[in-house]
Each structure stands twice: as structure tokens, then as C-alpha cells.
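Comments concern the structure below.
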Amino acid sequence: MHKIILISMMSILILASGCATHERIRELQSVEIREYEGEDLSSFIEFRDTSIKGPQRIDILDYELKVFGMVSNTRNYTYEEVLDNYQKYQKVVKIYCVEGWTSKNLWEGILLKDIFNEAGLAPKASTVIFHAYDGYTTSLPIDYIIKNDILLGYKINGITLTPGAGYPFTLVAEDKWGYKWIKWVTKIEISDDEDYRGYWESRGYSNIGDLNKSFYDLS
């Protein structure tokens with residue numbers, strides 16, 4: 001009888017220990033991809049901090065991505081809703097910073113034009129104004145975003161963005177200078193204001209931001 005009780009107690013302890021161990025399990029971070037389809041990739045760790053207020057740490061439980069302005073349907077997405085609602089894409093894109101450094105990375109994200117389709121753009125809408133958690137803003141033409149399949153990125157080199165890399169979302173502004181690659185995106189505003197000037201643009205940087213032109217507005 002005592003043996004049965006002892007065995008039963010040991011079984012309970014083992015089960016309890018197993019449950020406690022299971023509760024402590026945490027998902028491990030993915031290994032960074034440094035080569036993709038024969039192309040060598042830069043490490044995302046090499047990204048310099050060029051933000052206006054330093055890396056931002058966003059509580060993802062409170063996070064919302066707002067899509068508003070000249071749209072038929074204003075939307076407020078949670079982080080998970082963005083990832084669950086849209087097809088995901090990958091693309092190798094190189095960023096060029098005005099400070100002289102470059103970084104070629106594999107980005108994973110969703111197409112902004114898919115968000116536009118769900119929001120329903122007004123016929124006269126021409127510009128997208130992006131807002132960041134730290135107050136930074138920049139803008140780009142809608143036509144550029146649609147024609148170039150521009151991504152709202154959430155992974156870099158196979159790893160979920162870190163706060164320094166722009167978590168939860170960074171704009172992958174292909175063929176544009178680095179100041180157009182806005183991090184920590186919280187709002188996407190659809191507008192007809194083609195003359196809108198963001199943080200650096202209002203300080204003399206080119207509003208177009210094309211790589212084949214000076215990043216400084218010489219006009």
C-alpha cells in the first residue's frame with residue numbers, strides 16, 4: 001500500500017515537473033540568413049542607428065497600424081492582423097544611406113498595394129505619408145509604391161525585426177535614399193498633398209529621394 005502511494009506521488013511530481021518545464025519553453029530566434037540564391041547578404045546587425053530619437057521599443061500588445069485619410073475604409077490593424085491578413089513576400093533589396101554606407105538584405109513583408117486595395121483609395125489620392133512611433137515622417141507617391149511592389153517589412157535576413165532595425169515594421173523603399181526607409185511605422189496616411197515634406201525633407205533633403213539624384217534638394 002505504501003509502495004502504491006509512493007509511486008503515485010512520484011508520478012504526480014513528474015507530471016507537475018513536466019508541465020512546469022513546458023511553461024518555460026520559449027521560441028528561439030531564427031538564425032540570420034547571410035546568403036540567398038547565390039547572393040551574399042549584409043548582416044542586419046551592421047545597420048547604423050540614424051534615427052532622430054534612438055531605437056524605439058514598442059509594446060506589441062498595444063500596437064496598432066492605422067490606415068486613414070483619403071480612403072473608403074479607415075483601418076486599425078494589430079500586428080498579428082497585418083501578418084495574418086496578407087500574403088507575404090521576400091525580396092533582396094539594398095539600402096543606400098546618405099552617410100555613405102550600404103546594406104544588402106533579404107526582406108520579408110507584405111505589399112503596401114494590398115493594404116491600399118482593402119482600404120480603397122480615393123480617385124484623387126496621390127501620396128502616402130508614413131508616420132513613425134518617434135514622430136518621424138516621410139512621404140512617397142502612390143504610383144511608385146504600386147509599380148515597384150514596395151514592401152512593408154517585418155523580417156530581415158529571416159529574422160523578425162529588432163527594435164534597432166525598426167520593429168514591428170520598416171518601409172523597404174527600394175531605389176530610394178535611406179531616409180525614405182522609415183522605421184517603426186504606426187500610421188499610413190493617404191493624401192493628395194504632393195508637396196508634403198517629412199522630417200528630413202523639411203530640412204532640405206530631396207522630397208523625391210531617388211538614388212540617381214542628389215539627396216539634397218538643389219532647387
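Within each chain, counting starts at residue 1; across the C-alpha cells, chains are named A, B, ... in the order shown, with ligands numbered 1 upward in that order.
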Taking a cut-off of 9 Å and counting only C-alpha atoms, can you build a table that, for each residue of region 175-212 of chain A near region 148-164 of chain A, reports the nearest atom pair and how far apart they are in Å (one decimal), sorted by chain then residue number, as a Markdown table?
| residue | atom | partner | partner_atom | distance |
| --- | --- | --- | --- | --- |
| A:Lys183 | CA | A:Gly164 | CA | 8.8 |
| A:Trp184 | CA | A:Pro163 | CA | 8.1 |
| A:Val185 | CA | A:Leu152 | CA | 8.8 |
Residue set, region 178-207 of chain A restricted to helix (DSSP H, G or I), as a list of chain:residue names:
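Matching residues, listed in order: A:Gly178, A:Tyr179, A:Lys180, A:Glu201, A:Ser202, A:Arg203.
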Could the residues in this selection be written to a file with C-alpha atoms, as a PDB file, in the first residue's frame?
ATOM      1  CA  GLY A 178      17.888  55.647 -46.721  1.00  0.00           C
ATOM      2  CA  TYR A 179      15.929  58.482 -45.105  1.00  0.00           C
ATOM      3  CA  LYS A 180      12.885  57.227 -47.011  1.00  0.00           C
ATOM      4  CA  GLU A 201      12.696  66.780 -46.440  1.00  0.00           C
ATOM      5  CA  SER A 202      11.610  69.852 -44.467  1.00  0.00           C
ATOM      6  CA  ARG A 203      15.294  70.322 -43.601  1.00  0.00           C
TER       7      ARG A 203
END
Region 157-200 of chain A near region 125-138 of chain A within 8 Å: what's each residue's closest atom pair and its distance in Å to one decimal, counting only C-alpha atoms, ordered by chain then ascending residue number, as a Markdown table?
| residue | atom | partner | partner_atom | distance |
| --- | --- | --- | --- | --- |
| A:Lys180 | CA | A:Thr138 | CA | 6.3 |
| A:Ile182 | CA | A:Ala132 | CA | 7.0 |
| A:Lys183 | CA | A:Ala132 | CA | 6.4 |
| A:Trp184 | CA | A:Ala132 | CA | 5.2 |
| A:Val185 | CA | A:Ala132 | CA | 4.4 |
| A:Thr186 | CA | A:Ala132 | CA | 5.3 |
| A:Lys187 | CA | A:His131 | CA | 4.9 |
| A:Ile188 | CA | A:Phe130 | CA | 4.9 |
| A:Glu189 | CA | A:Ile129 | CA | 5.0 |
| A:Ile190 | CA | A:Val128 | CA | 4.8 |
| A:Ser191 | CA | A:Thr127 | CA | 5.1 |
| A:Asp192 | CA | A:Ala125 | CA | 4.7 |
| A:Asp193 | CA | A:Thr127 | CA | 6.3 |
| A:Glu194 | CA | A:Thr127 | CA | 5.9 |
| A:Tyr196 | CA | A:Ile129 | CA | 7.9 |
| A:Arg197 | CA | A:Thr138 | CA | 6.8 |
| A:Gly198 | CA | A:Thr138 | CA | 4.2 |
| A:Tyr199 | CA | A:Thr137 | CA | 5.6 |
| A:Trp200 | CA | A:Thr138 | CA | 7.9 |
Go through A:Arg75, A:Arg57, A:Lys94, A:Arg48 one by one, measure the shortest atom-to-atom distance of each to Leu106 (chain A) using only C-alpha atoms, and give the residue with the smallest value.
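Answer, going by the shortest atom-to-atom distance: A:Lys94.
Minimum distance to Gln56 (chain A) across A:Trp177, A:Tyr79, A:Gly166, A:Gln87 (counting only C-alpha atoms) occurs at A:Gly166.
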Figure out the distance between CA of Ala119 (chain A) and CA of Ile146 (chain A), please, to one decimal in Å.
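Between these atoms lies a distance of 14.1 Å.
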